[in-house]
Structures are given as C-alpha cells and as structure tokens.
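Peer 1: Structure supplied as start-v7.csv; contents: CSV, C-alpha atoms and all ligand atoms.
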```
chain,number,residue,atom,x,y,z
A,29,MET,CA,2.7,24.6,-18.9
A,30,GLY,CA,0.2,22.9,-16.7
A,31,GLN,CA,2.4,23.9,-13.7
A,32,GLU,CA,1.1,26.1,-10.9
A,33,ALA,CA,3.2,29.2,-10.3
A,34,ARG,CA,5.1,29.1,-7.0
A,35,PRO,CA,4.5,32.0,-4.7
A,36,GLU,CA,7.6,34.3,-4.5
A,37,PRO,CA,9.3,34.0,-1.1
A,38,ALA,CA,8.4,36.9,1.1
A,39,THR,CA,10.8,39.8,1.3
A,40,TYR,CA,11.3,42.7,3.7
A,41,LEU,CA,13.1,45.9,2.7
A,42,GLY,CA,15.0,44.0,0.1
A,43,ARG,CA,15.8,40.9,2.2
A,44,ARG,CA,14.4,37.5,1.6
A,45,ILE,CA,12.7,36.2,4.8
A,46,ALA,CA,13.9,32.7,5.8
A,47,GLN,CA,11.7,29.8,6.4
A,48,THR,CA,10.9,29.0,10.1
A,49,MET,CA,13.1,26.2,11.4
A,50,HIS,CA,10.8,23.2,12.1
A,51,PHE,CA,10.7,21.7,15.5
A,52,THR,CA,11.7,18.2,14.1
A,53,GLY,CA,15.2,19.7,13.6
A,54,ALA,CA,15.5,20.9,17.2
A,55,GLU,CA,18.4,18.6,17.9
A,56,TRP,CA,20.6,20.8,15.7
A,57,LEU,CA,20.1,23.6,18.2
A,58,THR,CA,21.8,21.6,21.0
A,59,ARG,CA,24.5,20.1,18.8
A,60,HIS,CA,27.9,19.6,20.4
A,61,GLU,CA,29.8,21.9,18.0
A,62,ARG,CA,27.5,24.8,18.7
A,63,GLU,CA,29.5,26.3,21.6
A,64,ARG,CA,32.6,26.4,19.4
A,65,GLU,CA,30.8,27.9,16.4
A,66,GLU,CA,28.7,30.5,18.3
A,67,ALA,CA,30.5,31.0,21.7
A,68,GLY,CA,27.1,31.1,23.5
A,69,GLU,CA,28.7,31.5,26.9
A,70,VAL,CA,30.6,34.6,25.7
A,71,MET,CA,27.4,36.0,24.1
A,72,ARG,CA,25.5,35.5,27.3
A,73,ASP,CA,28.3,37.1,29.4
A,74,GLU,CA,28.0,40.2,27.2
A,75,LEU,CA,24.3,40.5,28.2
A,76,LYS,CA,25.7,41.3,31.7
A,77,LEU,CA,22.6,39.9,33.3
A,78,LYS,CA,22.0,40.7,36.9
A,79,SER,CA,19.9,38.8,39.4
A,80,GLY,CA,16.3,39.9,39.3
A,81,VAL,CA,16.2,40.9,35.6
A,82,ASN,CA,13.3,39.8,33.4
A,83,VAL,CA,14.5,38.5,30.0
A,84,CYS,CA,12.5,37.3,27.0
A,85,ASP,CA,14.2,34.6,24.9
A,86,LEU,CA,12.0,35.3,21.8
A,87,GLY,CA,12.0,32.3,19.4
A,88,CYS,CA,13.5,30.3,22.2
A,89,GLY,CA,13.3,26.9,20.4
A,90,ASN,CA,14.2,24.1,22.8
A,91,GLY,CA,16.0,26.5,25.1
A,92,TYR,CA,19.7,26.4,24.3
A,93,HIS,CA,20.0,29.9,25.8
A,94,THR,CA,16.8,30.0,27.9
A,95,ILE,CA,18.0,27.6,30.6
A,96,PRO,CA,21.4,29.2,31.3
A,97,ILE,CA,19.7,32.6,31.2
A,98,ALA,CA,17.1,31.4,33.7
A,99,LYS,CA,20.0,30.4,36.0
A,100,ALA,CA,21.8,33.8,35.5
A,101,VAL,CA,18.8,35.9,36.5
A,102,GLY,CA,18.1,33.7,39.6
A,103,PRO,CA,14.9,33.1,41.4
A,104,GLU,CA,14.2,36.9,41.7
A,105,GLY,CA,14.2,37.2,37.9
A,106,LYS,CA,12.4,35.3,35.1
A,107,VAL,CA,12.7,34.3,31.5
A,108,PHE,CA,9.8,34.4,29.2
A,109,GLY,CA,10.4,31.7,26.6
A,110,VAL,CA,8.3,32.6,23.5
A,111,ASP,CA,7.9,30.5,20.5
A,112,ILE,CA,5.3,30.1,17.7
A,113,GLN,CA,5.8,26.3,17.7
A,114,PRO,CA,4.2,24.7,20.8
A,115,GLU,CA,6.3,21.6,20.2
A,116,MET,CA,9.5,23.7,20.8
A,117,LEU,CA,8.0,24.9,24.2
A,118,ASP,CA,7.3,21.3,25.1
A,119,LEU,CA,10.9,20.3,24.3
A,120,LEU,CA,12.1,23.3,26.4
A,121,LYS,CA,9.9,22.2,29.3
A,122,VAL,CA,11.5,18.7,29.4
A,123,ARG,CA,15.0,20.2,29.3
A,124,ALA,CA,14.1,22.9,32.0
A,125,LEU,CA,12.7,20.2,34.3
A,126,ALA,CA,15.9,18.2,34.0
A,127,ALA,CA,18.0,21.3,34.7
A,128,GLU,CA,15.7,22.4,37.6
A,129,ALA,CA,15.1,25.8,36.0
A,130,ASN,CA,11.9,26.9,37.6
A,131,ASN,CA,11.7,30.6,36.7
A,132,ILE,CA,10.7,30.1,33.0
A,133,VAL,CA,7.4,31.4,31.8
A,134,TYR,CA,6.2,29.5,28.6
A,135,VAL,CA,4.5,31.8,26.1
A,136,PRO,CA,3.0,30.5,22.9
A,137,GLY,CA,3.5,33.5,20.5
A,138,SER,CA,2.0,34.2,17.1
A,139,GLN,CA,3.5,35.4,13.8
A,140,THR,CA,2.5,39.0,14.6
A,141,GLU,CA,2.4,39.3,18.4
A,142,THR,CA,4.8,38.2,21.2
A,143,LYS,CA,1.9,37.6,23.6
A,144,LEU,CA,4.1,39.0,26.4
A,145,PRO,CA,2.6,41.2,29.1
A,146,ASP,CA,3.0,44.9,28.6
A,147,ALA,CA,6.1,46.5,30.1
A,148,SER,CA,7.4,43.1,31.4
A,149,CYS,CA,10.9,42.8,29.9
A,150,ASP,CA,14.2,44.4,30.6
A,151,LEU,CA,15.7,42.6,27.6
A,152,ILE,CA,14.4,40.8,24.6
A,153,LEU,CA,16.9,38.4,23.1
A,154,MET,CA,16.6,36.9,19.6
A,155,VAL,CA,19.3,34.4,18.7
A,156,ASP,CA,19.1,33.2,15.0
A,157,VAL,CA,15.4,34.3,15.0
A,158,TYR,CA,14.9,37.8,13.6
A,159,HIS,CA,15.7,36.7,10.0
A,160,GLU,CA,12.8,34.2,10.1
A,161,LEU,CA,10.1,36.5,11.5
A,162,ALA,CA,7.4,36.2,8.8
A,163,HIS,CA,6.0,39.7,9.8
A,164,PRO,CA,8.9,41.8,11.2
A,165,GLU,CA,6.9,45.0,11.5
A,166,PRO,CA,4.0,43.9,13.8
A,167,MET,CA,6.5,41.8,15.8
A,168,LEU,CA,8.8,44.8,16.4
A,169,GLN,CA,5.8,46.9,17.5
A,170,SER,CA,4.6,44.2,19.8
A,171,MET,CA,8.1,44.0,21.3
A,172,LYS,CA,8.0,47.7,22.0
A,173,LYS,CA,4.9,47.2,24.1
A,174,ALA,CA,6.6,44.4,26.0
A,175,LEU,CA,9.8,46.3,26.9
A,176,LYS,CA,10.0,48.1,30.2
A,177,PRO,CA,11.1,51.8,29.9
A,178,GLY,CA,14.8,51.7,29.0
A,179,GLY,CA,14.6,48.0,28.0
A,180,GLN,CA,16.5,46.8,24.9
A,181,ILE,CA,16.4,44.2,22.2
A,182,VAL,CA,19.5,42.2,21.4
A,183,LEU,CA,19.8,40.6,18.0
A,184,VAL,CA,22.3,37.8,17.3
A,185,GLU,CA,22.5,37.0,13.6
A,186,PHE,CA,24.9,35.1,11.4
A,187,ARG,CA,27.1,37.6,9.5
A,188,ALA,CA,26.1,37.9,5.8
A,189,GLU,CA,29.3,39.9,5.1
A,190,ASP,CA,31.5,36.9,6.0
A,191,LEU,CA,31.5,34.3,3.3
A,192,SER,CA,33.4,31.9,5.5
A,193,VAL,CA,30.3,31.5,7.8
A,194,PRO,CA,28.8,28.2,6.5
A,195,ILE,CA,25.1,29.1,6.8
A,196,LYS,CA,22.6,29.5,3.9
A,197,PRO,CA,22.3,33.2,2.7
A,198,GLU,CA,18.7,33.8,3.8
A,199,HIS,CA,19.7,32.7,7.3
A,200,LYS,CA,22.4,35.4,7.5
A,201,MET,CA,22.1,39.2,7.8
A,202,SER,CA,24.4,42.1,7.3
A,203,LYS,CA,24.9,44.8,9.9
A,204,GLU,CA,23.7,47.3,7.3
A,205,GLN,CA,20.4,45.4,6.7
A,206,ILE,CA,19.8,44.9,10.5
A,207,ILE,CA,20.2,48.6,11.1
A,208,LYS,CA,18.0,49.5,8.1
A,209,GLU,CA,15.2,47.3,9.4
A,210,MET,CA,15.4,48.3,13.0
A,211,THR,CA,15.7,52.0,12.2
A,212,ALA,CA,12.6,51.7,9.9
A,213,ASN,CA,10.7,50.4,12.9
A,214,GLY,CA,11.8,53.2,15.4
A,215,TYR,CA,14.7,51.5,17.1
A,216,THR,CA,18.2,52.9,17.6
A,217,LEU,CA,21.5,50.9,17.7
A,218,THR,CA,23.1,51.4,21.1
A,219,ARG,CA,25.9,48.9,21.1
A,220,SER,CA,27.6,46.1,19.0
A,221,PHE,CA,29.8,43.3,20.1
A,222,ASP,CA,31.9,42.1,17.2
A,223,LYS,CA,33.9,39.2,18.7
A,224,LEU,CA,31.6,36.2,18.3
A,225,PRO,CA,33.0,33.7,15.9
A,226,TRP,CA,30.1,33.7,13.3
A,227,GLN,CA,27.5,36.3,14.4
A,228,HIS,CA,26.7,39.9,14.9
A,229,MET,CA,25.4,40.9,18.3
A,230,MET,CA,23.6,44.2,18.4
A,231,TRP,CA,21.6,46.1,21.0
A,232,PHE,CA,18.7,48.3,20.1
A,233,ALA,CA,16.6,50.7,22.2
A,234,ALA,CA,13.1,51.8,21.2
A,235,GLY,CA,13.0,55.4,20.2
A,236,GLN,CA,15.8,58.0,19.7
A,237,ALA,CA,19.5,57.7,20.5
A,238,GLY,CA,20.4,58.2,24.1
A,239,ALA,CA,17.8,55.9,25.6
A,240,PRO,CA,19.1,54.5,28.9
A,241,SER,CA,20.6,51.0,28.8
A,242,ILE,CA,19.7,48.3,31.2
A,243,ASP,CA,22.5,46.9,33.2
A,244,LYS,CA,21.1,46.8,36.6
A,245,ALA,CA,18.3,44.9,38.2
A,246,PRO,CA,15.0,46.7,38.3
A,247,SER,CA,13.8,47.9,41.7
A,248,SER,CA,10.3,46.4,41.2
A,249,LYS,CA,8.9,43.5,39.3
A,250,PRO,CA,5.7,43.5,37.2
A,301,LIG,C1,16.7,28.8,14.5
A,301,LIG,S1,15.6,28.6,15.8
A,301,LIG,C2,16.5,29.4,17.1
A,301,LIG,C3,16.1,28.9,18.5
A,301,LIG,C4,16.9,29.5,19.7
A,301,LIG,N1,16.8,31.0,19.7
A,301,LIG,C5,18.3,29.1,19.7
A,301,LIG,O1,19.2,29.9,19.5
A,301,LIG,O2,18.6,27.9,20.0
A,301,LIG,C6,14.3,29.9,15.5
A,301,LIG,C7,13.1,29.8,16.4
A,301,LIG,O3,12.3,31.0,16.2
A,301,LIG,C8,10.9,30.6,16.3
A,301,LIG,N2,10.2,31.7,15.7
A,301,LIG,C9,10.1,32.1,14.4
A,301,LIG,N3,9.2,33.1,14.2
A,301,LIG,C10,8.8,33.4,15.5
A,301,LIG,C11,7.9,34.4,16.0
A,301,LIG,N4,7.3,35.3,15.2
A,301,LIG,N5,7.7,34.4,17.3
A,301,LIG,C12,8.3,33.5,18.1
A,301,LIG,N6,9.1,32.6,17.7
A,301,LIG,C13,9.4,32.5,16.4
A,301,LIG,C14,10.9,29.3,15.6
A,301,LIG,O4,9.7,28.6,15.9
A,301,LIG,C15,12.2,28.6,16.1
A,301,LIG,O5,11.9,27.8,17.2
```
Go ahead and render the structure in this file as structure tokens.
Peer 2:
Amino acid sequence: MGQEARPEPATYLGRRIAQTMHFTGAEWLTRHEREREEAGEVMRDELKLKSGVNVCDLGCGNGYHTIPIAKAVGPEGKVFGVDIQPEMLDLLKVRALAAEANNIVYVPGSQTETKLPDASCDLILMVDVYHELAHPEPMLQSMKKALKPGGQIVLVEFRAEDLSVPIKPEHKMSKEQIIKEMTANGYTLTRSFDKLPWQHMMWFAAGQAGAPSIDKAPSSKP
C-alpha cells in the first residue's frame, strides 16, 4: 500500500542476471587473496598465449588480467581492454603505466556492443563478467563480429554447482547453464579446464563443432 512495485531483476534463459560490479569496489579485484582463490596465473597459462596474438579482455575492470596478458603477447600482440565503466579503464591506465604495459588498447564498450574492430581478436576472455552482461544476446553477436576466423571466447565463471565457493548465487553459473546460453547463441564448447579452485574455464567457438582452435600466433595483424 502506497509502495511502488520494484522491477523484477532481469533474467536470461532461467538465470537471474547479476548487477554490474561498480568501479568504487575495484580494489576487491586486486585483493591479495585473489591469486589463492582463483589461481589467475594457472588460468592464464591455460590460454597458451603466443607472442603476436590479439586478445580482448572483455569487462577488464582495473586490469588484473589485462596487464599480465599484455606482457604475454609481447610488443607484436595487443590486448583490447573493454569495459562499460570508463572509470575502470582509467584505473587500468594508471596500473598499466606503472607496469610499462604499452600494448593495451582501451575500448569503452556499451551494454550491447563490444565496440571492437571487426575480425580483430584471436581470443575474447571474460573473467567474472558474462554473468553480469545486461544483454547477453547482442553482446554475443557483437563478439562474433570481433573474432577472427577460428577465434574463440573463453569464459571463467564461479561454479554454481559448488556450494563451498563463497560467492553470491547470481554471480555464479553452472556448466549446464553456460552451455545452454552459449549454444542458444550459436557457439560450440570446444574445451573445458576443470582444475581452477573456484571457477569453470570454458572455450567456445562460433558456429558448429570442429571449428579450428587458436594456439598459434597469426601470420598477419589487422
Ligand atoms: C567483476 S568485474 C571483473 C573484472 C575483470 N574481468 C577481473 O577479472 O578482474 C566485471 C566487469 O565487467 C564489466 N562489464 C559488465 N558488463 C559489461 C559489458 N556489457 N561490456 C563490457 N564490460 C562489462 C564491469 O563494468 C566490470 O568492470
């Protein structure tokens, strides 16, 4: 009585979409315990990045992974750091300057478009991001355009199946739900790595099964 009805939280294919993490909480992304909880170095090793590869860190935040990836791909490669919060990109710029990471391209994205150049990425990485995309469908279509032929998307998401992972339910995803959503958008699971402490790590190619995987540097750059 006299109270306005609250809008229902958005859902996608039966999953409640999480709120975007605000830039004022960015310090949490570089917390000391993070390496123990997420084994970021192991995760990045699994990407098997070669010098000269172009990677997009989509939803890069303040660059916890962007900067080491920029080092891994070397001066011949680059990392597109995409985020919808310009403040996150500003925080990343400060950290990248201090780390002398000069091969990062800063891309202010939108809720529906990556704003990446067409066919520019060998790999699009989303760490703790996919579950908070407000509009998964147009974003996944936009990613398809940004991938080079044979390029892949890698999702890293907290495991919903594992009750011991101390993360709020809407910030976790099950493998089944990830596959359901990616398949509905025309992607095929090509690989999973199941040894991270708290997260799923899953590779997807656009299109049918059997798409070539990227594990070597491209012969030409866009
Ligand atoms: C939980 S943080 C993770 C940051 C970073 N990936 C990491 O692992 O440290 C999620 C980030 O995704 C960004 N984000 C959410 N929706 C996005 C979208 N549609 N496009 C680009 N970035 C997005 C948020 O602004 C936020 O910086």
Peer 1: Within 8 Å of ligand LIG 301 (chain A), counting only C-alpha atoms and all ligand atoms: which residues, as a PyMOL selection string?
Peer 2: chain A and resi 48-51+54+57-58+85-93+110-113+116+136-142+154-158+160-164+167
Peer 1: Hey, which of A:Ala174, A:Ala147, A:Val135, A:Leu217 ends up closest to Glu115 in chain A? Count all atoms listed in the file.
Peer 2: A:Val135
Peer 1: Just the number, please: distance in Å from CA of Ile181 in chain A to CA of Ala46 in chain A, one decimal.
Peer 2: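 Going from CA of Ile181 in chain A over to CA of Ala46 in chain A covers 20.2 Å.
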Peer 1: Please provide the set of residues having any atom within 7 Å of Thr218 in chain A, restricted to all atoms listed in the file, with same-chain residues fewer than 3 positions apart removed, written as a ChimeraX atom specification.
Peer 2: /A:231-233
Peer 1: So the first atom is CA of Arg219 in chain A and the second is CA of Val184 in chain A; what is the distance between them in Å, to one decimal place?
Peer 2: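 Here the two named atoms are 12.3 Å from each other.
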Peer 1: Using CA of Lys208 in chain A and CA of Ser192 in chain A as the two end points, give the distance in Å to one decimal.
Peer 2: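 Spanning CA of Lys208 in chain A to CA of Ser192 in chain A is a straight-line distance of 23.5 Å.
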Peer 1: Using only C-alpha atoms, pick whichever of A:Lys78, A:Lys121, A:Lys176, A:His199 has the shortest atom-to-atom distance to Ser148 in chain A.
Peer 2: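 Distance minimum relative to Ser148 in chain A lands on A:Lys176.
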Peer 1: Can you rebuild range 118-148 of chain A with N, CA and C atoms and give it as a PDB file, keeping the file's coordinate frame?
Peer 2:
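Output below, filename out23.pdb:
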```pdb
ATOM      1  N   ASP A 118       7.361  22.556  24.377  1.00  0.00           N
ATOM      2  CA  ASP A 118       7.300  21.300  25.100  1.00  0.00           C
ATOM      3  C   ASP A 118       8.727  20.695  25.249  1.00  0.00           C
ATOM      4  N   LEU A 119       9.543  20.818  24.207  1.00  0.00           N
ATOM      5  CA  LEU A 119      10.900  20.300  24.300  1.00  0.00           C
ATOM      6  C   LEU A 119      11.698  21.126  25.362  1.00  0.00           C
ATOM      7  N   LEU A 120      11.449  22.440  25.388  1.00  0.00           N
ATOM      8  CA  LEU A 120      12.100  23.300  26.400  1.00  0.00           C
ATOM      9  C   LEU A 120      11.672  22.857  27.803  1.00  0.00           C
ATOM     10  N   LYS A 121      10.372  22.586  27.986  1.00  0.00           N
ATOM     11  CA  LYS A 121       9.900  22.200  29.300  1.00  0.00           C
ATOM     12  C   LYS A 121      10.605  20.960  29.831  1.00  0.00           C
ATOM     13  N   VAL A 122      10.816  19.979  28.961  1.00  0.00           N
ATOM     14  CA  VAL A 122      11.500  18.700  29.400  1.00  0.00           C
ATOM     15  C   VAL A 122      12.932  19.057  29.802  1.00  0.00           C
ATOM     16  N   ARG A 123      13.607  19.897  29.021  1.00  0.00           N
ATOM     17  CA  ARG A 123      15.000  20.200  29.300  1.00  0.00           C
ATOM     18  C   ARG A 123      15.087  21.078  30.601  1.00  0.00           C
ATOM     19  N   ALA A 124      14.115  21.994  30.779  1.00  0.00           N
ATOM     20  CA  ALA A 124      14.100  22.900  32.000  1.00  0.00           C
ATOM     21  C   ALA A 124      13.864  22.072  33.232  1.00  0.00           C
ATOM     22  N   LEU A 125      12.986  21.088  33.120  1.00  0.00           N
ATOM     23  CA  LEU A 125      12.700  20.200  34.300  1.00  0.00           C
ATOM     24  C   LEU A 125      13.947  19.508  34.723  1.00  0.00           C
ATOM     25  N   ALA A 126      14.648  18.941  33.744  1.00  0.00           N
ATOM     26  CA  ALA A 126      15.900  18.200  34.000  1.00  0.00           C
ATOM     27  C   ALA A 126      16.937  19.124  34.650  1.00  0.00           C
ATOM     28  N   ALA A 127      16.947  20.378  34.227  1.00  0.00           N
ATOM     29  CA  ALA A 127      18.000  21.300  34.700  1.00  0.00           C
ATOM     30  C   ALA A 127      17.506  22.075  35.968  1.00  0.00           C
ATOM     31  N   GLU A 128      16.304  21.775  36.433  1.00  0.00           N
ATOM     32  CA  GLU A 128      15.700  22.400  37.600  1.00  0.00           C
ATOM     33  C   GLU A 128      15.691  23.966  37.432  1.00  0.00           C
ATOM     34  N   ALA A 129      15.321  24.378  36.242  1.00  0.00           N
ATOM     35  CA  ALA A 129      15.100  25.800  36.000  1.00  0.00           C
ATOM     36  C   ALA A 129      13.650  26.105  36.138  1.00  0.00           C
ATOM     37  N   ASN A 130      13.307  26.745  37.263  1.00  0.00           N
ATOM     38  CA  ASN A 130      11.900  26.900  37.600  1.00  0.00           C
ATOM     39  C   ASN A 130      11.338  28.288  37.366  1.00  0.00           C
ATOM     40  N   ASN A 131      12.161  29.175  36.849  1.00  0.00           N
ATOM     41  CA  ASN A 131      11.700  30.600  36.700  1.00  0.00           C
ATOM     42  C   ASN A 131      11.519  30.901  35.189  1.00  0.00           C
ATOM     43  N   ILE A 132      11.022  29.914  34.440  1.00  0.00           N
ATOM     44  CA  ILE A 132      10.700  30.100  33.000  1.00  0.00           C
ATOM     45  C   ILE A 132       9.213  30.218  32.836  1.00  0.00           C
ATOM     46  N   VAL A 133       8.781  31.256  32.125  1.00  0.00           N
ATOM     47  CA  VAL A 133       7.400  31.400  31.800  1.00  0.00           C
ATOM     48  C   VAL A 133       7.218  31.028  30.312  1.00  0.00           C
ATOM     49  N   TYR A 134       6.372  30.059  30.008  1.00  0.00           N
ATOM     50  CA  TYR A 134       6.200  29.500  28.600  1.00  0.00           C
ATOM     51  C   TYR A 134       5.133  30.305  27.920  1.00  0.00           C
ATOM     52  N   VAL A 135       5.494  30.932  26.800  1.00  0.00           N
ATOM     53  CA  VAL A 135       4.500  31.800  26.100  1.00  0.00           C
ATOM     54  C   VAL A 135       4.404  31.381  24.642  1.00  0.00           C
ATOM     55  N   PRO A 136       3.258  30.798  24.286  1.00  0.00           N
ATOM     56  CA  PRO A 136       3.000  30.500  22.900  1.00  0.00           C
ATOM     57  C   PRO A 136       2.746  31.811  22.117  1.00  0.00           C
ATOM     58  N   GLY A 137       3.638  32.204  21.257  1.00  0.00           N
ATOM     59  CA  GLY A 137       3.500  33.500  20.500  1.00  0.00           C
ATOM     60  C   GLY A 137       2.774  33.260  19.213  1.00  0.00           C
ATOM     61  N   SER A 138       2.562  34.361  18.479  1.00  0.00           N
ATOM     62  CA  SER A 138       2.000  34.200  17.100  1.00  0.00           C
ATOM     63  C   SER A 138       2.942  34.892  16.141  1.00  0.00           C
ATOM     64  N   GLN A 139       2.604  34.836  14.864  1.00  0.00           N
ATOM     65  CA  GLN A 139       3.500  35.400  13.800  1.00  0.00           C
ATOM     66  C   GLN A 139       3.514  36.935  13.892  1.00  0.00           C
ATOM     67  N   THR A 140       2.555  37.540  14.591  1.00  0.00           N
ATOM     68  CA  THR A 140       2.500  39.000  14.600  1.00  0.00           C
ATOM     69  C   THR A 140       2.553  39.595  16.037  1.00  0.00           C
ATOM     70  N   GLU A 141       2.440  38.751  17.059  1.00  0.00           N
ATOM     71  CA  GLU A 141       2.400  39.300  18.400  1.00  0.00           C
ATOM     72  C   GLU A 141       3.273  38.364  19.337  1.00  0.00           C
ATOM     73  N   THR A 142       3.985  39.026  20.259  1.00  0.00           N
ATOM     74  CA  THR A 142       4.800  38.200  21.200  1.00  0.00           C
ATOM     75  C   THR A 142       3.940  37.514  22.230  1.00  0.00           C
ATOM     76  N   LYS A 143       2.787  38.105  22.537  1.00  0.00           N
ATOM     77  CA  LYS A 143       1.900  37.600  23.600  1.00  0.00           C
ATOM     78  C   LYS A 143       2.501  37.806  24.997  1.00  0.00           C
ATOM     79  N   LEU A 144       3.476  38.708  25.078  1.00  0.00           N
ATOM     80  CA  LEU A 144       4.100  39.000  26.400  1.00  0.00           C
ATOM     81  C   LEU A 144       3.222  40.060  27.097  1.00  0.00           C
ATOM     82  N   PRO A 145       3.241  40.079  28.432  1.00  0.00           N
ATOM     83  CA  PRO A 145       2.600  41.200  29.100  1.00  0.00           C
ATOM     84  C   PRO A 145       3.228  42.506  28.797  1.00  0.00           C
ATOM     85  N   ASP A 146       2.431  43.570  28.825  1.00  0.00           N
ATOM     86  CA  ASP A 146       3.000  44.900  28.600  1.00  0.00           C
ATOM     87  C   ASP A 146       4.056  45.238  29.602  1.00  0.00           C
ATOM     88  N   ALA A 147       5.076  45.965  29.169  1.00  0.00           N
ATOM     89  CA  ALA A 147       6.100  46.500  30.100  1.00  0.00           C
ATOM     90  C   ALA A 147       6.671  45.409  31.020  1.00  0.00           C
ATOM     91  N   SER A 148       6.952  44.237  30.490  1.00  0.00           N
ATOM     92  CA  SER A 148       7.400  43.100  31.400  1.00  0.00           C
ATOM     93  C   SER A 148       8.867  42.779  31.225  1.00  0.00           C
TER      94      SER A 148
END
```
